[in-house]
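S.K.: mmCIF, C-alpha atoms, file structure11.cif:
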data_run
#
loop_
_atom_site.label_atom_id
_atom_site.label_comp_id
_atom_site.auth_asym_id
_atom_site.auth_seq_id
_atom_site.Cartn_x
_atom_site.Cartn_y
_atom_site.Cartn_z
CA MET J 1 -5.90 13.99 -24.17
CA ASN J 2 -4.61 13.02 -20.73
CA GLU J 3 -3.04 9.86 -22.13
CA ASN J 4 -0.87 11.89 -24.51
CA VAL J 5 0.23 14.19 -21.68
CA ILE J 6 1.03 11.18 -19.48
CA GLU J 7 3.00 9.53 -22.29
CA LYS J 8 4.94 12.77 -22.86
CA LEU J 9 5.68 13.19 -19.14
CA LEU J 10 6.87 9.59 -18.83
CA SER J 11 9.04 9.78 -21.94
CA ASP J 12 10.67 12.97 -20.62
CA LEU J 13 11.91 11.12 -17.54
CA GLN J 14 15.61 10.35 -17.84
CA MET J 15 15.81 6.62 -17.25
CA GLY J 16 17.45 3.57 -18.76
CA LYS J 17 15.56 2.07 -21.71
CA GLU J 18 15.18 -1.22 -19.86
CA MET J 19 13.31 0.41 -16.98
CA GLN J 20 10.76 2.19 -19.22
CA PRO J 21 8.19 -0.65 -19.48
CA PHE J 22 8.29 -1.16 -15.70
CA VAL J 23 7.76 2.55 -15.04
CA ALA J 24 4.78 2.69 -17.43
CA LYS J 25 3.24 -0.39 -15.80
CA SER J 26 3.75 0.95 -12.29
CA ILE J 27 0.83 3.42 -12.52
CA PRO J 28 -1.79 2.08 -10.11
CA ARG J 29 -5.48 1.66 -10.88
CA MET J 30 -7.46 4.76 -10.03
CA LEU J 31 -10.47 5.10 -7.76
CA PRO J 32 -13.38 7.36 -8.71
CA GLY J 33 -12.26 10.97 -8.31
CA GLU J 34 -8.56 10.18 -8.81
CA SER J 35 -6.58 10.93 -11.95
CA GLU J 36 -3.63 9.17 -13.55
CA LEU J 37 -2.24 12.54 -14.55
CA ASP J 38 -2.01 13.57 -10.87
CA TYR J 39 -0.15 10.37 -10.14
CA VAL J 40 2.32 10.89 -12.99
CA ASN J 41 2.86 14.50 -11.85
CA LEU J 42 3.69 13.18 -8.40
CA LEU J 43 6.14 10.74 -9.96
CA VAL J 44 7.76 13.54 -11.99
CA LEU J 45 8.16 15.67 -8.85
CA LEU J 46 9.76 12.77 -7.02
CA VAL J 47 12.14 12.11 -9.91
CA GLU J 48 13.18 15.78 -9.93
CA ASP J 49 13.73 15.67 -6.19
CA VAL J 50 15.49 12.31 -5.78
CA ASP J 51 17.18 12.15 -9.21
CA PRO J 52 17.52 8.34 -9.39
CA GLN J 53 20.85 7.19 -10.82
CA THR J 54 20.53 3.42 -11.06
CA ASN J 55 17.81 0.90 -11.94
CA ILE J 56 17.53 -0.08 -8.27
CA GLU J 57 16.99 3.56 -7.32
CA TRP J 58 14.28 3.76 -9.99
CA LEU J 59 12.61 0.69 -8.52
CA LEU J 60 12.63 2.22 -5.05
CA LEU J 61 11.31 5.49 -6.43
CA LEU J 62 8.34 3.76 -8.09
CA ASP J 63 7.48 2.23 -4.74
CA ILE J 64 7.80 5.58 -3.00
CA ALA J 65 5.34 7.11 -5.49
CA SER J 66 2.86 4.26 -4.92
CA ILE J 67 3.09 4.59 -1.16
CA MET J 68 2.66 8.36 -1.28
CA TRP J 69 -0.43 7.86 -3.41
CA GLU J 70 -1.77 5.49 -0.78
CA ILE J 71 -1.00 7.99 1.97
CA HIS J 72 -3.21 10.40 0.04
CA ARG J 73 -6.00 7.74 -0.01
CA TYR J 74 -5.63 7.07 3.70
CA ARG J 75 -5.99 10.78 4.42
CA ARG J 76 -9.24 10.91 2.43
CA TRP J 77 -10.41 7.85 4.29
CA LYS J 78 -9.59 9.35 7.67
CA ASN J 79 -11.54 12.50 6.81
CA ALA J 80 -14.50 10.34 5.74
CA ILE J 81 -14.39 8.46 9.04
CA LEU J 82 -14.31 11.72 11.00
CA TYR J 83 -17.23 13.03 8.95
CA THR J 84 -19.26 9.83 9.46
CA GLY J 85 -18.37 9.89 13.16
CA ARG J 86 -19.60 13.46 13.43
CA LYS J 87 -22.89 12.54 11.75
CA ALA J 88 -23.34 9.62 14.15
CA ALA J 89 -22.41 11.83 17.12
CA VAL J 90 -25.02 14.44 16.22
CA ALA J 91 -27.68 11.71 15.84
CA THR J 92 -26.68 10.28 19.24
CA ALA J 93 -26.91 13.75 20.79
CA PHE J 94 -30.38 14.30 19.32
CA ALA J 95 -31.50 10.90 20.63
CA LYS J 96 -30.19 11.73 24.11
CA VAL J 97 -31.93 15.11 24.32
CA HIS J 98 -35.25 13.80 22.94
CA ARG J 99 -38.17 14.39 25.31
CA GLY J 100 -39.65 10.97 24.48
CA ASN J 101 -36.80 9.30 26.38
CA LEU J 102 -39.03 9.25 29.46
CA VAL J 103 -41.60 7.04 27.71
CA ALA J 104 -40.74 3.33 27.80
CA GLY J 105 -40.63 1.49 24.45
CA SER J 106 -40.15 4.54 22.27
CA GLY J 107 -36.47 3.82 21.48
CA SER J 108 -36.75 3.03 17.77
CA ALA J 109 -39.01 6.01 17.05
CA ILE J 110 -36.60 8.31 18.91
CA ARG J 111 -33.61 6.96 16.98
CA ALA J 112 -35.42 7.47 13.65
CA GLU J 113 -36.36 11.03 14.55
CA ALA J 114 -32.86 11.76 15.84
CA LYS J 115 -31.42 10.52 12.54
CA MET J 116 -33.74 12.83 10.60
CA ASP J 117 -32.82 15.75 12.86
CA ALA J 118 -29.14 14.99 12.37
CA GLU J 119 -29.56 14.96 8.58
CA ALA J 120 -31.39 18.30 8.75
CA TRP J 121 -28.69 19.69 11.07
CA HIS J 122 -26.06 18.83 8.44
CA HIS J 123 -27.85 19.78 5.24
CA ASP J 124 -30.69 22.23 6.01
CA SER J 125 -29.32 25.58 7.11
CA SER J 126 -32.82 27.01 7.72
CA LYS J 127 -33.43 24.49 10.53
CA ARG J 128 -29.93 24.69 11.97
CA ALA J 129 -30.62 27.42 14.56
CA ALA J 130 -33.69 25.65 15.96
CA LEU J 131 -31.87 22.32 16.12
CA ASP J 132 -28.84 23.95 17.77
CA ALA J 133 -31.18 25.38 20.42
CA LYS J 134 -32.66 21.93 20.95
CA LEU J 135 -29.19 20.49 21.50
CA ALA J 136 -28.19 23.38 23.77
CA ASN J 137 -31.28 22.77 25.92
CA GLY J 138 -30.05 19.21 26.45
CA GLY J 139 -26.58 20.48 27.39
CA TYR J 140 -24.86 19.85 24.05
CA ASP J 141 -22.65 22.63 22.66
CA ALA J 142 -20.12 22.43 19.80
CA ASP J 143 -17.37 21.09 22.10
CA ALA J 144 -19.61 18.34 23.44
CA ILE J 145 -20.51 17.27 19.89
CA ASN J 146 -16.82 17.29 18.90
CA ALA J 147 -16.00 15.13 21.92
CA GLU J 148 -18.82 12.72 21.03
CA ALA J 149 -17.61 12.60 17.39
CA PHE J 150 -14.08 11.90 18.57
CA MET J 151 -15.31 9.00 20.70
CA GLU J 152 -17.40 7.60 17.83
CA SER J 153 -14.44 7.49 15.44
CA LEU J 154 -11.61 6.80 17.89
CA LEU J 155 -10.94 3.15 16.95
CA PRO J 156 -11.08 3.39 13.12
CA VAL J 157 -9.12 6.66 13.11
CA ASN J 158 -6.49 5.04 15.29
CA ALA J 159 -6.23 2.15 12.81
CA ILE J 160 -5.86 4.57 9.88
CA GLU J 161 -3.26 6.57 11.81
CA ASN J 162 -1.25 3.36 12.28
CA LEU J 163 -1.45 2.64 8.55
CA LEU J 164 -0.38 6.22 7.78
CA LEU J 165 2.52 5.97 10.19
CA SER J 166 3.62 2.67 8.68
CA ALA J 167 3.42 4.10 5.13
CA ARG J 168 5.46 7.18 6.12
CA ARG J 169 8.06 4.92 7.74
CA GLN J 170 8.29 2.92 4.52
CA VAL J 171 8.91 6.09 2.49
CA THR J 172 11.58 7.28 4.93
CA GLY J 173 13.21 3.82 4.88
CA MET J 174 13.37 3.76 1.10
CA LEU J 175 14.77 7.28 0.86
CA ARG J 176 17.38 6.33 3.45
CA GLU J 177 18.16 3.20 1.42
CA ILE J 178 18.81 5.37 -1.65
CA GLY J 179 21.03 7.67 0.45
CA VAL J 180 23.00 4.74 1.90
CA ARG J 181 23.51 3.21 -1.55
CA ARG J 182 24.81 6.51 -2.91
CA GLU J 183 27.13 7.00 0.05
CA PHE J 184 28.43 3.45 -0.40
CA ALA J 185 28.96 3.98 -4.15
CA LEU J 186 30.76 7.28 -3.48
CA ARG J 187 33.10 5.77 -0.89
CA ALA J 188 33.78 2.74 -3.08
CA ARG J 189 34.64 5.06 -5.99
CA GLU J 190 36.92 7.18 -3.78
CA THR J 191 38.71 4.08 -2.47
CA ILE J 192 39.20 2.70 -6.00
CA ASP J 193 40.48 6.11 -7.21
CA LYS J 194 42.90 6.24 -4.28
CA LEU J 195 44.15 2.71 -4.99
CA TYR J 196 44.69 3.59 -8.65
CA GLU J 197 46.55 6.77 -7.72
CA GLU J 198 48.80 4.81 -5.35
CA LYS J 199 49.38 2.15 -7.99
CA ILE J 200 50.21 4.77 -10.67
CA ALA J 201 52.55 6.58 -8.27
CA ALA J 202 54.29 3.30 -7.39
CA ASP J 203 54.63 2.37 -11.11
CA GLU J 204 56.10 5.77 -11.90
CA GLU J 205 58.55 5.45 -9.02
CA MET J 206 59.62 2.03 -10.32
CA LYS J 207 60.14 3.49 -13.78
CA VAL J 208 62.32 6.29 -12.37
CA ILE J 209 64.41 3.75 -10.42
CA GLU J 210 64.73 1.55 -13.52
CA ASN J 211 65.77 4.53 -15.67
CA LYS J 212 68.35 5.58 -13.07
CA SER J 213 69.86 2.08 -12.86
CA ASN J 214 70.06 1.95 -16.68
CA MET X 215 -20.09 -44.98 24.84
CA THR X 216 -21.87 -44.01 21.62
CA SER X 217 -24.82 -46.26 20.83
CA MET X 218 -25.02 -48.19 17.54
CA ARG X 219 -28.15 -46.26 16.67
CA LYS X 220 -26.28 -42.99 17.03
CA VAL X 221 -23.29 -44.27 15.02
CA GLU X 222 -25.56 -45.36 12.17
CA SER X 223 -27.40 -42.07 12.27
CA ASN X 224 -24.07 -40.19 12.09
CA ARG X 225 -23.00 -42.29 9.09
CA ARG X 226 -26.29 -41.64 7.34
CA ASN X 227 -26.01 -37.90 7.94
CA ALA X 228 -22.36 -37.82 6.86
CA SER X 229 -23.21 -39.53 3.58
CA LEU X 230 -25.70 -36.76 2.89
CA SER X 231 -23.08 -34.05 3.27
CA SER X 232 -20.13 -35.28 1.29
CA GLY X 233 -19.43 -31.99 -0.46
CA PRO X 234 -20.16 -30.79 -3.95
CA ARG X 235 -20.84 -33.46 -6.57
CA THR X 236 -21.30 -31.61 -9.83
CA GLN X 237 -18.31 -30.35 -11.83
CA GLY X 238 -19.46 -26.73 -11.38
CA GLY X 239 -19.84 -27.17 -7.62
CA LYS X 240 -16.40 -28.72 -7.35
CA LEU X 241 -14.89 -25.84 -9.35
CA ARG X 242 -16.61 -23.27 -7.13
CA SER X 243 -15.74 -24.96 -3.84
CA ARG X 244 -12.11 -25.19 -4.94
CA ARG X 245 -11.92 -21.46 -4.40
CA ASN X 246 -13.73 -21.46 -1.03
CA ALA X 247 -10.55 -20.86 0.93
CA PHE X 248 -9.33 -18.20 -1.51
CA ARG X 249 -9.43 -14.71 -0.03
CA HIS X 250 -6.88 -12.48 -1.71
CA GLY X 251 -4.23 -14.93 -2.95
CA LEU X 252 -1.42 -12.98 -1.31
CA ALA X 253 -0.07 -16.00 0.56
CA SER X 254 0.74 -17.87 -2.66
CA PRO X 255 4.18 -17.26 -4.23
CA ILE X 256 4.23 -14.80 -7.12
CA GLY X 257 6.09 -17.41 -9.20
CA ASN X 258 2.88 -19.48 -9.45
CA ASP X 259 1.60 -16.91 -11.94
CA LEU X 260 3.30 -17.62 -15.29
CA ASP X 261 2.97 -14.05 -16.64
CA GLU X 262 4.40 -12.60 -13.47
CA ARG X 263 7.22 -15.12 -13.49
CA ALA X 264 8.33 -13.85 -16.90
CA ASN X 265 8.17 -10.24 -15.64
CA VAL X 266 10.20 -11.19 -12.56
CA GLU X 267 12.93 -12.73 -14.73
CA ARG X 268 13.01 -9.66 -16.99
CA LEU X 269 13.29 -7.23 -14.08
CA ALA X 270 15.85 -9.44 -12.31
CA LEU X 271 18.12 -9.24 -15.35
CA VAL X 272 17.76 -5.45 -15.46
CA LEU X 273 18.50 -5.09 -11.74
CA SER X 274 21.50 -7.40 -11.82
CA GLY X 275 22.95 -5.58 -14.84
CA HIS X 276 22.75 -8.80 -16.96
CA THR X 277 25.39 -10.41 -14.81
CA ASN X 278 26.54 -14.04 -14.93
CA ASP X 279 27.13 -14.03 -11.19
CA TRP X 280 24.43 -16.46 -9.98
CA ARG X 281 24.42 -15.03 -6.43
CA ARG X 282 23.84 -11.51 -7.63
CA LEU X 283 21.18 -12.71 -10.05
CA GLU X 284 19.41 -14.57 -7.27
CA GLU X 285 19.30 -11.46 -5.04
CA ALA X 286 18.03 -9.46 -8.01
CA ARG X 287 15.36 -12.11 -8.59
CA ILE X 288 14.22 -11.86 -4.96
CA SER X 289 14.06 -8.05 -5.25
CA ALA X 290 12.05 -8.34 -8.48
CA GLU X 291 9.69 -10.88 -6.91
CA CYS X 292 9.11 -8.54 -3.99
CA TYR X 293 8.45 -5.63 -6.36
CA PHE X 294 5.69 -7.55 -8.17
CA ASP X 295 4.45 -8.96 -4.87
CA LEU X 296 4.07 -5.38 -3.61
CA GLN X 297 2.11 -4.49 -6.74
CA ARG X 298 -0.18 -7.46 -6.13
CA ILE X 299 -0.65 -6.38 -2.50
CA ARG X 300 -1.50 -2.83 -3.61
CA ASN X 301 -4.02 -4.24 -6.08
CA ALA X 302 -5.66 -6.19 -3.26
CA ARG X 303 -5.83 -2.98 -1.22
CA PHE X 304 -7.27 -1.16 -4.21
CA GLU X 305 -10.06 -3.76 -4.36
CA VAL X 306 -10.94 -3.02 -0.74
CA PHE X 307 -11.08 0.72 -1.48
CA ARG X 308 -13.16 0.06 -4.59
CA ALA X 309 -15.59 -2.26 -2.81
CA LEU X 310 -16.12 0.46 -0.23
CA GLY X 311 -17.28 2.85 -2.96
CA ASP X 312 -17.65 6.48 -2.03
CA VAL X 313 -15.98 6.89 1.35
CA GLN X 314 -18.03 10.00 2.11
CA THR X 315 -21.30 8.03 2.08
CA ALA X 316 -20.00 4.78 3.64
CA THR X 317 -21.43 3.73 6.99
CA SER X 318 -19.21 3.35 10.03
CA ASP X 319 -19.62 -0.47 9.88
CA GLN X 320 -18.46 -0.56 6.26
CA LEU X 321 -15.47 1.64 7.12
CA ALA X 322 -14.56 -0.56 10.09
CA LEU X 323 -14.73 -3.73 7.95
CA ALA X 324 -12.59 -2.17 5.24
CA THR X 325 -10.05 -0.95 7.81
CA ARG X 326 -9.73 -4.48 9.16
CA ALA X 327 -9.22 -5.87 5.66
CA ILE X 328 -6.51 -3.27 4.93
CA GLU X 329 -4.75 -4.09 8.20
CA LYS X 330 -4.65 -7.77 7.21
CA ILE X 331 -3.16 -6.90 3.83
CA ALA X 332 -0.53 -4.65 5.47
CA ARG X 333 0.99 -7.75 7.10
CA TYR X 334 1.95 -9.14 3.68
CA GLU X 335 3.35 -5.77 2.63
CA ARG X 336 5.64 -5.56 5.66
CA ARG X 337 6.92 -9.06 4.94
CA ALA X 338 7.65 -8.30 1.27
CA LEU X 339 9.41 -5.03 2.12
CA SER X 340 11.60 -6.66 4.72
CA LYS X 341 12.54 -9.45 2.29
CA ARG X 342 13.42 -6.94 -0.40
CA ARG X 343 15.48 -4.78 1.96
CA THR X 344 17.70 -7.77 2.74
CA ALA X 345 18.00 -8.73 -0.94
CA LEU X 346 18.92 -5.19 -1.98
CA LYS X 347 21.60 -5.04 0.71
CA GLU X 348 23.14 -8.24 -0.65
CA LEU X 349 22.82 -6.90 -4.19
CA SER X 350 24.84 -3.79 -3.36
CA VAL X 351 27.77 -5.74 -1.86
#
The structure in this file should be written as structure tokens.

M.R.:
Amino acid sequence: MNENVIEKLLSDLQMGKEMQPFVAKSIPRMLPGESELDYVNLLVLLVEDVDPQTNIEWLLLLDIASIMWEIHRYRRWKNAILYTGRKAAVATAFAKVHRGNLVAGSGSAIRAEAKMDAEAWHHDSSKRAALDAKLANGGYDADAINAEAFMESLLPVNAIENLLLSARRQVTGMLREIGVRREFALRARETIDKLYEEKIAADEEMKVIENKSN
Amino acid sequence: MTSMRKVESNRRNASLSSGPRTQGGKLRSRRNAFRHGLASPIGNDLDERANVERLALVLSGHTNDWRRLEEARISAECYFDLQRIRNARFEVFRALGDVQTATSDQLALATRAIEKIARYERRALSKRRTALKELSV
């Protein structure tokens, strides 16, 4: 079903015949939870927006679509890191407020219990109030947990942010490239038109002079 | 100075570890240094080489101008190189599985792998930018 829709959407795109096989092949492989139809819809939106005029512009547009799809993946990844960081931060908080901390050699048992408490804190709403109270007794409120989560995921989130920034820069660069090419083509066309006009005017003037002399 | 006993012992040990001997072992070890294959030129792949030539002709507008064709070829190579790089990145995402259930160590490892791949992407994009500029002149 989706394949027919995708085929229809791709065939509706106004492009040169030669570019068609490359456009069809440009659809990236999908991860679980992603859909080719979403990707093609993104491509269609970009085509409507940018309106590529030449094969080179089509090539750049295919790259822009791929990069935007990856930006979407990076965002999902960043959210996952933040979520994992939050889980780890809650477990750390539970380990820190555990009463058994005073007893030497109980580290692994405390960590295991803290992990279980953290899981319950995330998934079991009936235990949430009691666990919140336990954290509050140890001096952990929502802000403290957020700060801990931020610290836990600082490095990987920073790396993803750099990748996101780089991808956005690539998109901007390619869009600018398309703009520059169009501007160049427009100016070249204007210059050629002007030269032709001058040449035609000069030819006509010559003809008038010739006619007069005859 | 190394004693003769030590030298002989070294020789004996070295002869025991002279690498794979069976055909299968040799075939496997041949790919030991292979990580993602992004450092090898795209032209080494015969299928891709044919695609590059096809796209180069389209981009150059089937010109006979060898300089223009060469710039178009570089642009086409970079385009397929970028696809290969994105495939490598896809493999990292796929190996990670469900990002929601991944551990922080797995996420950190994958992030490092993606950062390494990004280096090749930057290089290919820069190369293509130059080629496209030449192509428009």

S.K.: Name the residues that the PyMOL selection byres ((chain J and resi 80-83) around 8) picks from the file above, as a PDB file with C-alpha atoms, in the frame of the given file, using the file's chain letters and numbers.

M.R.:
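Generated output (out_7.pdb):
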ATOM      1  CA  ARG J  76      -9.240  10.910   2.430  1.00  0.00           C
ATOM      2  CA  TRP J  77     -10.410   7.850   4.290  1.00  0.00           C
ATOM      3  CA  LYS J  78      -9.590   9.350   7.670  1.00  0.00           C
ATOM      4  CA  ASN J  79     -11.540  12.500   6.810  1.00  0.00           C
ATOM      5  CA  THR J  84     -19.260   9.830   9.460  1.00  0.00           C
ATOM      6  CA  GLY J  85     -18.370   9.890  13.160  1.00  0.00           C
ATOM      7  CA  ARG J  86     -19.600  13.460  13.430  1.00  0.00           C
ATOM      8  CA  LYS J  87     -22.890  12.540  11.750  1.00  0.00           C
ATOM      9  CA  ALA J 149     -17.610  12.600  17.390  1.00  0.00           C
ATOM     10  CA  PHE J 150     -14.080  11.900  18.570  1.00  0.00           C
ATOM     11  CA  SER J 153     -14.440   7.490  15.440  1.00  0.00           C
ATOM     12  CA  PRO J 156     -11.080   3.390  13.120  1.00  0.00           C
ATOM     13  CA  VAL J 157      -9.120   6.660  13.110  1.00  0.00           C
TER      14      VAL J 157
ATOM     15  CA  VAL X 313     -15.980   6.890   1.350  1.00  0.00           C
ATOM     16  CA  GLN X 314     -18.030  10.000   2.110  1.00  0.00           C
ATOM     17  CA  SER X 318     -19.210   3.350  10.030  1.00  0.00           C
ATOM     18  CA  LEU X 321     -15.470   1.640   7.120  1.00  0.00           C
TER      19      LEU X 321
END

S.K.: Find the distance between atom CA of Ala95 of chain J and atom CA of Leu155 of chain J and write it in Å to one decimal.

M.R.: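 Result for atom CA of Ala95 of chain J versus atom CA of Leu155 of chain J: 22.3 Å, one decimal.
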
S.K.: Find the residue from J:Lys134, J:Lys194, J:Arg73, J:Arg111 that sits nearest to chain X; use all atoms listed in the file when measuring.

M.R.: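 Looking at the shortest contact to chain X, the residue is J:Arg73.
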
S.K.: Name the residues that the PyMOL selection byres ((chain X) within 9 of (chain J)) pulls out of this structure, and write them as a PyMOL selection string.

M.R.: chain X and resi 269+272-273+275+293+296-297+300-301+304+307-308+311-318+321-322+325-326+328-329+332+336+339+343+346-347+350

S.K.: Quote the spacing between atom CA of Val47 of chain J and atom CA of Leu10 of chain J in Å to one decimal place.

M.R.: 10.7 Å

S.K.: Atom CA of Phe294 of chain X to atom CA of Ala338 of chain X: how many Å, to one decimal?

M.R.: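 Interatomic distance, atom CA of Phe294 of chain X to atom CA of Ala338 of chain X: 9.7 Å.
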
S.K.: Between X:Met218, X:Asn258, X:Arg242, X:Glu348, which one has atoms that come closest to Leu283 of chain X, using only C-alpha atoms?

M.R.: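 Result for the nearest residue to Leu283 of chain X: X:Glu348.
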
S.K.: If you take every atom of segment 89-101 of chain J that the file lists and fit an axis-aligned box around them with 6 Å extra on each side, what centre and edge lengths come out in Å to one decimal, as JSON?

M.R.:
{"center_x": -31.0, "center_y": 12.2, "center_z": 21.1, "size_x": 29.2, "size_y": 17.8, "size_z": 22.5}

S.K.: For this structure, which residues satisfy the selection - the PyMOL selection byres ((chain X and resi 290) around 6) - when it is evaluated on the file as given? I want them as a ChimeraX atom specification.

M.R.: /X:266,269-270,287-289,291-293

S.K.: Rebuild segment 127-144 of chain J so that it carries N, CA, C and O atoms, then output the result as a PDB file, in the coordinates of the input.

M.R.:
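Result written to out05.pdb:
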ATOM      1  N   LYS J 127     -33.012  25.128   9.266  1.00  0.00           N
ATOM      2  CA  LYS J 127     -33.430  24.490  10.530  1.00  0.00           C
ATOM      3  C   LYS J 127     -32.294  24.461  11.555  1.00  0.00           C
ATOM      4  O   LYS J 127     -32.496  24.048  12.695  1.00  0.00           O
ATOM      5  N   ARG J 128     -31.126  24.857  11.140  1.00  0.00           N
ATOM      6  CA  ARG J 128     -29.930  24.690  11.970  1.00  0.00           C
ATOM      7  C   ARG J 128     -30.061  25.387  13.333  1.00  0.00           C
ATOM      8  O   ARG J 128     -29.761  24.791  14.369  1.00  0.00           O
ATOM      9  N   ALA J 129     -30.555  26.644  13.310  1.00  0.00           N
ATOM     10  CA  ALA J 129     -30.620  27.420  14.560  1.00  0.00           C
ATOM     11  C   ALA J 129     -31.547  26.743  15.563  1.00  0.00           C
ATOM     12  O   ALA J 129     -31.205  26.598  16.754  1.00  0.00           O
ATOM     13  N   ALA J 130     -32.711  26.292  15.071  1.00  0.00           N
ATOM     14  CA  ALA J 130     -33.690  25.650  15.960  1.00  0.00           C
ATOM     15  C   ALA J 130     -33.121  24.352  16.532  1.00  0.00           C
ATOM     16  O   ALA J 130     -33.268  24.052  17.729  1.00  0.00           O
ATOM     17  N   LEU J 131     -32.435  23.602  15.671  1.00  0.00           N
ATOM     18  CA  LEU J 131     -31.870  22.320  16.120  1.00  0.00           C
ATOM     19  C   LEU J 131     -30.710  22.538  17.099  1.00  0.00           C
ATOM     20  O   LEU J 131     -30.551  21.787  18.057  1.00  0.00           O
ATOM     21  N   ASP J 132     -29.941  23.610  16.846  1.00  0.00           N
ATOM     22  CA  ASP J 132     -28.840  23.950  17.770  1.00  0.00           C
ATOM     23  C   ASP J 132     -29.406  24.277  19.150  1.00  0.00           C
ATOM     24  O   ASP J 132     -28.850  23.868  20.189  1.00  0.00           O
ATOM     25  N   ALA J 133     -30.534  25.009  19.141  1.00  0.00           N
ATOM     26  CA  ALA J 133     -31.180  25.380  20.420  1.00  0.00           C
ATOM     27  C   ALA J 133     -31.653  24.132  21.150  1.00  0.00           C
ATOM     28  O   ALA J 133     -31.509  24.011  22.369  1.00  0.00           O
ATOM     29  N   LYS J 134     -32.180  23.180  20.363  1.00  0.00           N
ATOM     30  CA  LYS J 134     -32.660  21.930  20.950  1.00  0.00           C
ATOM     31  C   LYS J 134     -31.504  21.170  21.625  1.00  0.00           C
ATOM     32  O   LYS J 134     -31.642  20.656  22.742  1.00  0.00           O
ATOM     33  N   LEU J 135     -30.381  21.162  20.945  1.00  0.00           N
ATOM     34  CA  LEU J 135     -29.190  20.490  21.500  1.00  0.00           C
ATOM     35  C   LEU J 135     -28.693  21.231  22.744  1.00  0.00           C
ATOM     36  O   LEU J 135     -28.332  20.611  23.752  1.00  0.00           O
ATOM     37  N   ALA J 136     -28.682  22.567  22.636  1.00  0.00           N
ATOM     38  CA  ALA J 136     -28.190  23.380  23.770  1.00  0.00           C
ATOM     39  C   ALA J 136     -29.061  23.176  24.994  1.00  0.00           C
ATOM     40  O   ALA J 136     -28.551  23.111  26.132  1.00  0.00           O
ATOM     41  N   ASN J 137     -30.374  23.031  24.791  1.00  0.00           N
ATOM     42  CA  ASN J 137     -31.280  22.770  25.920  1.00  0.00           C
ATOM     43  C   ASN J 137     -30.920  21.471  26.643  1.00  0.00           C
ATOM     44  O   ASN J 137     -31.083  21.350  27.854  1.00  0.00           O
ATOM     45  N   GLY J 138     -30.437  20.502  25.850  1.00  0.00           N
ATOM     46  CA  GLY J 138     -30.050  19.210  26.450  1.00  0.00           C
ATOM     47  C   GLY J 138     -28.617  19.220  26.953  1.00  0.00           C
ATOM     48  O   GLY J 138     -28.106  18.178  27.364  1.00  0.00           O
ATOM     49  N   GLY J 139     -27.948  20.361  26.876  1.00  0.00           N
ATOM     50  CA  GLY J 139     -26.580  20.480  27.390  1.00  0.00           C
ATOM     51  C   GLY J 139     -25.498  20.151  26.377  1.00  0.00           C
ATOM     52  O   GLY J 139     -24.346  19.888  26.734  1.00  0.00           O
ATOM     53  N   TYR J 140     -25.856  20.156  25.088  1.00  0.00           N
ATOM     54  CA  TYR J 140     -24.860  19.850  24.050  1.00  0.00           C
ATOM     55  C   TYR J 140     -24.440  21.112  23.311  1.00  0.00           C
ATOM     56  O   TYR J 140     -25.237  21.722  22.603  1.00  0.00           O
ATOM     57  N   ASP J 141     -23.178  21.526  23.478  1.00  0.00           N
ATOM     58  CA  ASP J 141     -22.650  22.630  22.660  1.00  0.00           C
ATOM     59  C   ASP J 141     -21.675  22.037  21.623  1.00  0.00           C
ATOM     60  O   ASP J 141     -21.547  20.809  21.522  1.00  0.00           O
ATOM     61  N   ALA J 142     -21.012  22.896  20.873  1.00  0.00           N
ATOM     62  CA  ALA J 142     -20.120  22.430  19.800  1.00  0.00           C
ATOM     63  C   ALA J 142     -19.010  21.522  20.346  1.00  0.00           C
ATOM     64  O   ALA J 142     -18.685  20.488  19.739  1.00  0.00           O
ATOM     65  N   ASP J 143     -18.458  21.901  21.523  1.00  0.00           N
ATOM     66  CA  ASP J 143     -17.370  21.090  22.100  1.00  0.00           C
ATOM     67  C   ASP J 143     -17.844  19.695  22.473  1.00  0.00           C
ATOM     68  O   ASP J 143     -17.140  18.698  22.253  1.00  0.00           O
ATOM     69  N   ALA J 144     -19.066  19.642  23.028  1.00  0.00           N
ATOM     70  CA  ALA J 144     -19.610  18.340  23.440  1.00  0.00           C
ATOM     71  C   ALA J 144     -19.822  17.446  22.215  1.00  0.00           C
ATOM     72  O   ALA J 144     -19.542  16.239  22.257  1.00  0.00           O
TER      73      ALA J 144
END
